[in-house]
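J.: Below is the file my_file02.cif, which contains mmCIF, C-alpha atoms and all ligand atoms.
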```cif
data_input
loop_
_atom_site.label_atom_id
_atom_site.label_comp_id
_atom_site.auth_asym_id
_atom_site.auth_seq_id
_atom_site.Cartn_x
_atom_site.Cartn_y
_atom_site.Cartn_z
CA MET A 1 17.25 8.68 58.32
CA SER A 2 20.82 8.88 57.00
CA GLU A 3 21.67 10.79 53.80
CA LEU A 4 22.65 7.54 52.10
CA ASN A 5 19.36 5.91 53.05
CA LYS A 6 17.50 8.91 51.58
CA ILE A 7 19.37 8.62 48.27
CA ALA A 8 18.71 4.86 48.13
CA LEU A 9 15.00 5.38 48.75
CA LYS A 10 14.79 8.14 46.16
CA MET A 11 16.16 5.69 43.58
CA ILE A 12 13.80 2.80 44.25
CA SER A 13 10.56 4.05 45.85
CA ASN A 14 7.10 4.55 44.31
CA GLY A 15 7.60 2.21 41.38
CA LYS A 16 10.88 3.77 40.32
CA GLY A 17 13.79 1.58 39.32
CA ILE A 18 17.26 1.77 37.87
CA LEU A 19 18.42 1.88 34.27
CA ALA A 20 21.67 -0.08 33.97
CA ALA A 21 23.41 1.68 31.09
CA ASP A 22 26.91 0.90 32.34
CA GLU A 23 27.98 -1.50 29.60
CA SER A 24 31.74 -1.30 29.19
CA ASN A 25 32.82 -0.47 25.63
CA ALA A 26 33.46 -4.17 24.98
CA THR A 27 29.95 -5.18 26.06
CA MET A 28 28.29 -2.21 24.31
CA THR A 29 30.12 -3.15 21.12
CA LYS A 30 28.64 -6.66 21.35
CA ARG A 31 25.14 -5.24 21.88
CA LEU A 32 25.46 -2.76 19.00
CA GLU A 33 27.04 -5.19 16.57
CA ALA A 34 24.22 -7.66 17.24
CA VAL A 35 21.88 -5.12 15.61
CA ASN A 36 24.38 -4.04 12.94
CA ILE A 37 25.30 -0.68 14.41
CA ASN A 38 28.89 0.54 14.57
CA SER A 39 30.15 0.95 18.10
CA THR A 40 31.62 4.44 17.88
CA THR A 41 31.86 6.97 20.71
CA GLU A 42 29.24 9.09 18.91
CA ASN A 43 26.81 6.20 18.47
CA ARG A 44 27.12 5.12 22.09
CA LEU A 45 26.42 8.71 23.19
CA PHE A 46 23.53 9.10 20.75
CA PHE A 47 21.71 6.04 22.06
CA ARG A 48 22.28 6.84 25.70
CA GLU A 49 21.39 10.52 25.36
CA THR A 50 18.21 9.47 23.55
CA LEU A 51 17.19 7.23 26.46
CA PHE A 52 18.19 9.70 29.18
CA SER A 53 16.11 12.48 27.62
CA SER A 54 12.98 10.32 27.31
CA GLU A 55 9.76 11.37 29.02
CA SER A 56 9.65 8.17 31.12
CA MET A 57 12.80 9.18 32.98
CA LYS A 58 10.75 11.55 35.15
CA GLU A 59 8.18 9.07 36.36
CA TYR A 60 9.75 5.63 36.24
CA ILE A 61 13.54 5.86 36.50
CA GLY A 62 15.09 6.70 39.87
CA GLY A 63 18.73 6.14 38.94
CA VAL A 64 20.96 5.53 35.94
CA ILE A 65 24.20 3.57 36.13
CA LEU A 66 26.81 5.04 33.79
CA TYR A 67 30.11 3.81 32.43
CA ASP A 68 33.29 5.89 32.76
CA GLU A 69 33.07 7.07 29.12
CA THR A 70 29.48 8.32 29.49
CA ILE A 71 29.80 10.19 32.78
CA ARG A 72 32.37 12.46 31.08
CA GLN A 73 30.28 13.13 27.94
CA LYS A 74 28.13 16.14 27.09
CA THR A 75 24.81 16.34 25.25
CA ASN A 76 24.31 18.18 21.97
CA SER A 77 23.31 21.29 23.91
CA GLY A 78 26.45 21.18 26.05
CA LYS A 79 24.85 19.81 29.25
CA SER A 80 26.81 17.11 31.06
CA ILE A 81 25.24 13.64 31.06
CA PRO A 82 24.94 13.59 34.89
CA ASP A 83 23.13 16.97 34.70
CA LEU A 84 20.76 15.63 32.05
CA ILE A 85 19.90 12.70 34.33
CA SER A 86 19.48 14.89 37.44
CA SER A 87 17.24 17.30 35.51
CA SER A 88 14.68 14.51 35.11
CA GLY A 89 14.75 13.83 38.86
CA ALA A 90 16.85 10.65 38.64
CA VAL A 91 20.14 10.04 40.44
CA PRO A 92 23.31 9.61 38.33
CA GLY A 93 25.52 6.65 39.28
CA ILE A 94 28.68 5.00 38.04
CA LYS A 95 30.07 1.49 37.63
CA VAL A 96 33.40 1.52 39.45
CA ASP A 97 34.68 -2.02 39.07
CA THR A 98 37.20 -2.56 36.30
CA GLY A 99 35.84 -5.91 35.22
CA ALA A 100 35.81 -9.59 36.11
CA LYS A 101 39.17 -11.34 35.53
CA VAL A 102 40.25 -14.97 35.75
CA LEU A 103 40.47 -16.09 39.38
CA ALA A 104 43.96 -17.50 40.00
CA ASN A 105 43.87 -21.18 40.98
CA SER A 106 40.25 -21.55 39.90
CA ASN A 107 40.62 -20.62 36.26
CA GLU A 108 37.03 -21.15 35.15
CA GLU A 109 35.84 -18.60 37.70
CA LYS A 110 36.10 -14.82 37.93
CA ILE A 111 37.17 -12.24 40.47
CA THR A 112 36.12 -8.63 40.00
CA GLU A 113 38.93 -6.08 40.10
CA GLY A 114 39.12 -2.34 40.68
CA LEU A 115 40.04 -1.75 44.32
CA ASP A 116 43.47 -0.22 43.64
CA GLY A 117 43.12 3.57 43.47
CA LEU A 118 39.37 3.30 44.06
CA ARG A 119 39.29 5.95 46.82
CA GLU A 120 40.73 8.55 44.44
CA ARG A 121 38.47 7.54 41.54
CA LEU A 122 35.42 7.81 43.81
CA LYS A 123 36.27 11.41 44.68
CA GLU A 124 36.50 12.23 40.98
CA TYR A 125 33.18 10.53 40.19
CA TYR A 126 31.51 12.39 43.06
CA ASN A 127 32.76 15.67 41.60
CA LEU A 128 31.40 14.63 38.20
CA GLY A 129 27.93 14.25 39.80
CA ALA A 130 27.66 10.57 40.80
CA ARG A 131 25.71 9.86 43.99
CA PHE A 132 25.71 6.07 43.80
CA THR A 133 27.98 3.39 42.40
CA LYS A 134 27.90 -0.22 41.22
CA TRP A 135 30.25 -3.20 41.49
CA ARG A 136 29.37 -6.61 40.06
CA GLY A 137 30.72 -9.95 41.23
CA VAL A 138 30.07 -12.75 38.72
CA TYR A 139 29.65 -16.42 39.66
CA ILE A 140 29.06 -19.52 37.56
CA ILE A 141 26.83 -22.35 38.70
CA SER A 142 27.73 -26.02 38.24
CA GLU A 143 28.17 -28.99 40.52
CA LYS A 144 31.45 -27.66 41.96
CA TYR A 145 30.94 -23.93 41.38
CA PRO A 146 30.84 -21.33 42.69
CA SER A 147 33.84 -22.47 44.72
CA ILE A 148 34.40 -21.29 48.27
CA LEU A 149 37.38 -19.36 46.89
CA ALA A 150 35.19 -17.41 44.44
CA ILE A 151 32.47 -16.85 47.04
CA ARG A 152 34.85 -15.51 49.69
CA SER A 153 37.13 -13.44 47.46
CA ASN A 154 34.28 -11.72 45.63
CA ALA A 155 32.38 -11.09 48.87
CA GLN A 156 35.44 -9.48 50.38
CA ALA A 157 35.99 -7.28 47.32
CA LEU A 158 32.32 -6.22 47.32
CA ALA A 159 32.54 -5.29 51.00
CA ARG A 160 35.80 -3.34 50.64
CA TYR A 161 34.24 -1.51 47.68
CA ALA A 162 31.03 -0.71 49.59
CA ALA A 163 32.92 0.65 52.60
CA LEU A 164 35.00 2.98 50.42
CA VAL A 165 31.92 4.18 48.55
CA GLN A 166 30.08 5.09 51.75
CA GLU A 167 33.21 6.84 53.04
CA ASN A 168 32.80 9.04 49.95
CA ASN A 169 29.11 9.72 50.60
CA MET A 170 27.65 7.61 47.82
CA VAL A 171 25.29 4.62 47.88
CA PRO A 172 26.94 1.35 46.82
CA ILE A 173 24.90 -1.06 44.72
CA VAL A 174 26.16 -4.50 45.68
CA GLU A 175 25.68 -6.87 42.76
CA PRO A 176 26.48 -10.55 43.18
CA GLU A 177 25.29 -12.15 39.92
CA LEU A 178 24.98 -15.91 39.58
CA LEU A 179 24.79 -16.43 35.84
CA MET A 180 21.88 -18.22 34.18
CA ASP A 181 24.21 -20.34 32.00
CA GLY A 182 24.09 -24.07 32.71
CA ASP A 183 21.59 -26.87 33.16
CA HIS A 184 21.15 -26.49 36.93
CA SER A 185 17.75 -26.74 38.58
CA VAL A 186 15.90 -23.92 40.29
CA LYS A 187 16.64 -25.64 43.61
CA VAL A 188 20.37 -25.43 42.97
CA CYS A 189 20.07 -21.77 41.92
CA LEU A 190 18.22 -21.08 45.18
CA SER A 191 20.77 -22.76 47.44
CA LYS A 192 23.85 -21.34 45.67
CA THR A 193 22.45 -17.81 45.42
CA SER A 194 21.54 -17.90 49.12
CA GLU A 195 25.05 -19.04 50.02
CA VAL A 196 26.65 -16.24 47.96
CA ILE A 197 24.37 -13.50 49.33
CA LYS A 198 24.84 -14.64 52.93
CA LYS A 199 28.61 -14.53 52.53
CA CYS A 200 28.38 -11.04 51.01
CA PHE A 201 26.46 -9.76 54.04
CA GLU A 202 28.89 -11.44 56.44
CA GLU A 203 31.69 -9.43 54.81
CA LEU A 204 29.65 -6.21 54.56
CA VAL A 205 28.99 -6.39 58.31
CA LEU A 206 32.65 -7.16 59.04
CA HIS A 207 33.64 -4.08 57.01
CA LYS A 208 31.12 -1.99 59.03
CA VAL A 209 29.06 -1.02 55.99
CA ASP A 210 25.84 0.84 56.87
CA LEU A 211 23.28 -1.61 55.48
CA SER A 212 20.54 1.04 55.39
CA GLY A 213 22.62 2.89 52.80
CA ILE A 214 23.12 0.17 50.20
CA ILE A 215 20.99 -1.43 47.46
CA LEU A 216 21.34 -5.14 46.71
CA LYS A 217 21.25 -6.13 43.03
CA PRO A 218 20.81 -9.89 42.80
CA ASN A 219 19.66 -12.34 40.15
CA MET A 220 16.17 -13.79 40.34
CA ILE A 221 15.94 -17.50 41.22
CA LEU A 222 15.57 -19.39 37.94
CA PRO A 223 16.54 -22.74 36.45
CA GLY A 224 19.64 -22.63 34.20
CA LYS A 225 19.17 -21.61 30.55
CA GLN A 226 20.05 -25.12 29.35
CA SER A 227 17.90 -26.86 31.98
CA LYS A 228 14.79 -28.75 30.84
CA GLU A 229 12.97 -27.71 34.00
CA LYS A 230 10.10 -25.34 33.26
CA ILE A 231 8.74 -23.35 36.15
CA SER A 232 6.01 -20.76 36.40
CA SER A 233 6.52 -17.09 37.20
CA GLU A 234 4.63 -17.72 40.40
CA GLU A 235 7.26 -20.26 41.45
CA VAL A 236 10.12 -17.95 40.42
CA SER A 237 8.64 -15.24 42.60
CA GLN A 238 8.20 -17.53 45.61
CA LYS A 239 11.73 -18.96 45.39
CA THR A 240 13.21 -15.49 44.90
CA ILE A 241 11.40 -14.11 47.93
CA GLU A 242 12.38 -17.18 50.00
CA CYS A 243 16.03 -16.65 49.08
CA LEU A 244 16.06 -12.95 49.98
CA LYS A 245 14.05 -13.39 53.16
CA ASN A 246 16.60 -15.89 54.42
CA SER A 247 19.77 -14.14 53.37
CA VAL A 248 19.30 -10.35 53.44
CA PRO A 249 19.31 -8.39 56.74
CA THR A 250 16.17 -6.31 57.25
CA GLU A 251 18.11 -3.02 57.50
CA VAL A 252 18.63 -3.13 53.72
CA PRO A 253 16.05 -0.74 52.18
CA GLY A 254 15.69 -2.36 48.82
CA ILE A 255 16.49 -4.88 46.20
CA ALA A 256 16.85 -4.02 42.52
CA PHE A 257 17.04 -7.10 40.30
CA LEU A 258 19.22 -7.57 37.25
CA SER A 259 17.52 -9.20 34.26
CA GLY A 260 20.42 -11.53 33.43
CA GLY A 261 19.39 -12.51 29.90
CA GLN A 262 15.65 -12.99 30.48
CA THR A 263 13.44 -11.45 27.81
CA GLU A 264 11.85 -8.11 28.59
CA ILE A 265 8.48 -9.75 29.22
CA GLU A 266 9.85 -12.59 31.38
CA ALA A 267 11.76 -10.17 33.59
CA THR A 268 8.73 -7.88 33.90
CA GLU A 269 6.30 -10.70 34.67
CA ASN A 270 8.60 -12.19 37.30
CA LEU A 271 9.16 -8.81 38.97
CA ASN A 272 5.41 -8.20 39.00
CA LEU A 273 4.71 -11.46 40.84
CA ILE A 274 7.61 -10.88 43.22
CA ASN A 275 5.89 -7.64 44.21
CA GLN A 276 2.42 -9.17 44.42
CA ASN A 277 3.79 -11.85 46.76
CA ASN A 278 6.28 -9.64 48.60
CA ASN A 279 5.89 -10.33 52.32
CA THR A 280 9.23 -8.76 53.29
CA SER A 281 10.13 -5.22 54.33
CA PHE A 282 12.26 -4.72 51.20
CA LEU A 283 11.27 -2.54 48.27
CA MET A 284 11.67 -4.77 45.21
CA THR A 285 12.34 -3.11 41.88
CA PHE A 286 14.37 -3.36 38.69
CA SER A 287 17.93 -2.48 37.75
CA PHE A 288 17.70 -3.87 34.25
CA GLY A 289 20.16 -3.43 31.41
CA ARG A 290 19.04 -5.66 28.55
CA ALA A 291 15.41 -5.94 29.70
CA LEU A 292 15.02 -2.15 29.43
CA GLN A 293 17.07 -1.48 26.32
CA GLN A 294 16.75 -4.47 23.98
CA ASN A 295 13.71 -3.36 21.98
CA ALA A 296 14.79 0.28 21.87
CA LEU A 297 18.09 -0.88 20.34
CA LYS A 298 16.24 -2.92 17.72
CA VAL A 299 14.05 0.07 16.83
CA TRP A 300 17.16 2.21 16.44
CA SER A 301 18.74 -0.30 14.11
CA LYS A 302 15.64 -0.23 11.90
CA ASN A 303 14.99 3.56 11.83
CA SER A 304 18.35 5.08 12.49
CA ASN A 305 17.33 8.71 12.99
CA ASP A 306 13.92 8.32 14.51
CA ILE A 307 14.57 9.50 18.04
CA LYS A 308 10.85 9.56 18.87
CA ALA A 309 10.41 5.89 17.89
CA ILE A 310 13.34 4.84 20.11
CA GLN A 311 11.98 6.91 22.99
CA ASN A 312 8.43 5.59 22.62
CA THR A 313 9.74 2.04 22.84
CA PHE A 314 11.85 2.83 25.89
CA ASN A 315 9.00 4.78 27.53
CA HIS A 316 6.69 1.78 27.21
CA ARG A 317 9.27 -0.62 28.67
CA ALA A 318 10.09 1.70 31.57
CA LYS A 319 6.39 2.10 32.35
CA MET A 320 5.82 -1.69 32.27
CA CYS A 321 8.79 -2.28 34.60
CA SER A 322 7.50 0.41 36.94
CA LEU A 323 4.04 -1.19 37.05
CA ALA A 324 5.76 -4.50 37.83
CA ALA A 325 7.67 -2.81 40.66
CA LEU A 326 4.25 -1.94 42.10
CA GLY A 327 2.75 -5.37 41.36
CA LYS A 328 0.29 -3.71 38.96
CA TRP A 329 1.49 -5.05 35.60
CA SER A 330 -0.62 -7.40 33.44
CA LYS A 331 -0.38 -8.93 29.96
CA GLU A 332 -3.40 -6.85 28.93
CA ILE A 333 -1.71 -3.58 29.89
CA GLU A 334 1.49 -4.77 28.21
CA ASN A 335 -0.27 -5.32 24.90
CA LYS A 336 -2.64 -2.35 24.96
C1 LIG B 401 24.73 -3.19 31.71
O1 LIG B 401 25.60 -4.30 31.81
C2 LIG B 401 26.43 -4.42 32.97
C3 LIG B 401 27.65 -5.21 32.60
O2 LIG B 401 28.56 -4.48 31.98
P1 LIG B 401 30.01 -5.13 31.72
O3 LIG B 401 29.86 -6.62 31.68
O4 LIG B 401 30.37 -4.56 30.41
O5 LIG B 401 30.85 -4.66 32.85
C4 LIG B 401 25.81 -5.34 34.03
O6 LIG B 401 26.53 -5.33 35.23
C5 LIG B 401 24.42 -4.95 34.31
O7 LIG B 401 24.40 -3.75 35.04
C6 LIG B 401 23.68 -6.02 35.10
O8 LIG B 401 24.11 -7.32 34.79
C7 LIG B 401 22.23 -5.91 34.74
O9 LIG B 401 22.09 -6.03 33.35
P2 LIG B 401 21.08 -7.10 32.79
O10 LIG B 401 21.20 -6.98 31.29
O11 LIG B 401 21.53 -8.42 33.33
O12 LIG B 401 19.75 -6.67 33.32
#
```
Could I get this file's structure written as structure tokens?
T.:
Amino acid sequence: MSELNKIALKMISNGKGILAADESNATMTKRLEAVNINSTTENRLFFRETLFSSESMKEYIGGVILYDETIRQKTNSGKSIPDLISSSGAVPGIKVDTGAKVLANSNEEKITEGLDGLRERLKEYYNLGARFTKWRGVYIISEKYPSILAIRSNAQALARYAALVQENNMVPIVEPELLMDGDHSVKVCLSKTSEVIKKCFEELVLHKVDLSGIILKPNMILPGKQSKEKISSEEVSQKTIECLKNSVPTEVPGIAFLSGGQTEIEATENLNLINQNNNTSFLMTFSFGRALQQNALKVWSKNSNDIKAIQNTFNHRAKMCSLAALGKWSKEIENK
């Protein structure tokens, strides 16, 4: 077993999953302002330190994705944030892309940037304690999108990123996210997501990336947010498994889903059924941002200094997601 494979397994085995707390300052500001909290450096640190020192970190969270600002911050007691995360047994990680920018000659689409100087930045992040990284390619779905241009250019960037990350002894999370926006059907989401993921693996193989030392972070297969199509969680789970079975090489140890704007309960229920129906060799877990943090944020906005209340809310969500990663979640347990 390679070192990278061991790190990947530590992050996603036994019902553990990943906390995506890598919102850039612009995104974090949106999230905080939505609940009437000022987005200051201190507030961002307060919320994140509160989550990272929660009890549930030990049992349910195998990795935390940080943003550049956070990986350099220290807790009240002077401990570095990566040390705080490691002390609970989780692996600290870092988002290394520098954001999705307009794709030239296909202006409605995006290309993720951040390759220039990446090798040097990776060395610095390793020294700061990171042992895995994340890069997100973003794709829109419509009749003509994602275009071949967006599919190929983002796949190539993801593969170049992953190769550099492994060269620096860290596990790359490869995140191709097809957004939920739009009125597309679940069938369209399935075929376009499969096409994108297949192209990513074609490029990863070309760039000689060790597939046993990566984690794939895809979207679940769902109808678009504006679509009238209503499908059951059972169907979501079957389509999602079908997609991954047909497009992900079996060397990949695991898949950690993004929540993509689903509610906390929807994302948990879908993950639970994916695991109950999982007939693949992949571990299937969560790498949620919003679906782990939404309620905790709301609690913070209501009782600003009640750290325990924020942690209790986060602990419950992390436990529910972990049960779903084992296929052992139910509505009864959720509401107990
Ligand atoms: C946590 O949010 C990440 C996006 O940050 P920026 O857009 O500011 O770069 C995002 O990549 C996240 O890790 C994934 O989309 C998963 O988050 P959700 O909320 O979709 O589960």
J.: Using all atoms listed in the file, which protein or nucleic acid residues are at most 6 Å from ligand LIG 401 (chain B), as a VMD selection string?
T.: chain A and resid 20 to 24 27 99 136 258 to 261 288 to 291
J.: Considering only C-alpha atoms, return as a list of chain:residue names whatever protein or nucleic-acid residues lie within 8 Å of Tyr161 of chain A, sequence-local ones (same chain, fewer than 3 positions apart) excluded.
T.: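 Listing them by chain and then by number gives A:Leu115, A:Leu118, A:Trp135, A:Ala157, A:Leu158, A:Leu164, A:Val165, A:Pro172.
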J.: Which residue out of A:Glu235, A:Val171, A:Thr280, A:Asn295 has the minimum interatomic distance to Lys6 of chain A when only C-alpha atoms are used?
T.: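 Nearest candidate to Lys6 of chain A out of A:Glu235, A:Val171, A:Thr280, A:Asn295: A:Val171.
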J.: Edge lengths and centre in Å to one decimal, as lines of an AutoDock Vina configuration file, of the axis-aligned box that encloses all listed atoms of segment 76-94 of chain A with 6 Å added on every side?
T.:
```
center_x = 21.7
center_y = 13.1
center_z = 31.2
size_x = 26.0
size_y = 28.3
size_z = 30.5
```
J.: Could you list, with a cut-off of 12 Å and counting only C-alpha atoms, the residues of segment 92-154 of chain A near segment 202-223 of chain A, each shown with its nearest atom pair and the distance in Å rounded to one decimal, rows sorted by chain and ascending number, as JSON lines?
T.:
```
{"residue": "A:Arg131", "atom": "CA", "partner": "A:Gly213", "partner_atom": "CA", "distance": 11.7}
{"residue": "A:Phe132", "atom": "CA", "partner": "A:Ile214", "partner_atom": "CA", "distance": 9.1}
{"residue": "A:Thr133", "atom": "CA", "partner": "A:Ile214", "partner_atom": "CA", "distance": 9.7}
{"residue": "A:Lys134", "atom": "CA", "partner": "A:Lys217", "partner_atom": "CA", "distance": 9.1}
{"residue": "A:Trp135", "atom": "CA", "partner": "A:Lys217", "partner_atom": "CA", "distance": 9.6}
{"residue": "A:Arg136", "atom": "CA", "partner": "A:Lys217", "partner_atom": "CA", "distance": 8.7}
{"residue": "A:Gly137", "atom": "CA", "partner": "A:Pro218", "partner_atom": "CA", "distance": 10.0}
{"residue": "A:Val138", "atom": "CA", "partner": "A:Pro218", "partner_atom": "CA", "distance": 10.5}
{"residue": "A:Tyr139", "atom": "CA", "partner": "A:Asn219", "partner_atom": "CA", "distance": 10.8}
{"residue": "A:Ile141", "atom": "CA", "partner": "A:Pro223", "partner_atom": "CA", "distance": 10.5}
{"residue": "A:Ser142", "atom": "CA", "partner": "A:Pro223", "partner_atom": "CA", "distance": 11.8}
{"residue": "A:Ile151", "atom": "CA", "partner": "A:Glu203", "partner_atom": "CA", "distance": 10.8}
{"residue": "A:Arg152", "atom": "CA", "partner": "A:Glu203", "partner_atom": "CA", "distance": 8.6}
{"residue": "A:Ser153", "atom": "CA", "partner": "A:Glu203", "partner_atom": "CA", "distance": 10.0}
{"residue": "A:Asn154", "atom": "CA", "partner": "A:Glu203", "partner_atom": "CA", "distance": 9.8}
```
J.: Show me, as a list of chain:residue names, the residues that have an atom within 8 Å of Met11 of chain A when counting all atoms listed in the file, minus same-chain residues fewer than 2 positions from it.
T.: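 Everything that qualifies: A:Ile7, A:Ala8, A:Leu9, A:Ser13, A:Lys16, A:Gly17, A:Ile18, A:Ile61, A:Gly62, A:Gly63, A:Ala90, A:Val91.
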J.: For the selection just defined, write its residues with C-alpha atoms to a file, as an mmCIF file, in the coordinates of the input.
T.:
```cif
data_model
loop_
_atom_site.group_PDB
_atom_site.id
_atom_site.type_symbol
_atom_site.label_atom_id
_atom_site.label_comp_id
_atom_site.auth_asym_id
_atom_site.auth_seq_id
_atom_site.Cartn_x
_atom_site.Cartn_y
_atom_site.Cartn_z
ATOM 1 C CA ILE A 7 19.370 8.620 48.270
ATOM 2 C CA ALA A 8 18.710 4.860 48.130
ATOM 3 C CA LEU A 9 15.000 5.380 48.750
ATOM 4 C CA SER A 13 10.560 4.050 45.850
ATOM 5 C CA LYS A 16 10.880 3.770 40.320
ATOM 6 C CA GLY A 17 13.790 1.580 39.320
ATOM 7 C CA ILE A 18 17.260 1.770 37.870
ATOM 8 C CA ILE A 61 13.540 5.860 36.500
ATOM 9 C CA GLY A 62 15.090 6.700 39.870
ATOM 10 C CA GLY A 63 18.730 6.140 38.940
ATOM 11 C CA ALA A 90 16.850 10.650 38.640
ATOM 12 C CA VAL A 91 20.140 10.040 40.440
#
```
J.: Which of these, A:Gly15, A:Ile85, A:Asn38, A:Val96, has the shortest distance to Asn272 of chain A once you count all atoms listed in the file?
T.: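 Nearest to Asn272 of chain A: A:Gly15.
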J.: Using only C-alpha atoms, which residue out of A:Asn107, A:Ser237, A:Ser56, A:Asn25 lies closest to Cys321 of chain A?
T.: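 Among the listed residues, the smallest separation from Cys321 of chain A belongs to A:Ser56.
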J.: Identify the residues within 12 Å of coordinate (40.2, 7.5, 47.1) (same frame as the file), considering all atoms listed in the file, and give the answer as a count of residues only.
T.: 22
J.: Interatomic distance between atom CA of Glu49 of chain A and atom CA of Thr29 of chain A?
T.: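 Going from atom CA of Glu49 of chain A over to atom CA of Thr29 of chain A, I get 16.8 Å.
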J.: Mind pulling up the distance from atom CA of Pro253 of chain A to atom CA of Ala162 of chain A?
T.: 15.2 Å
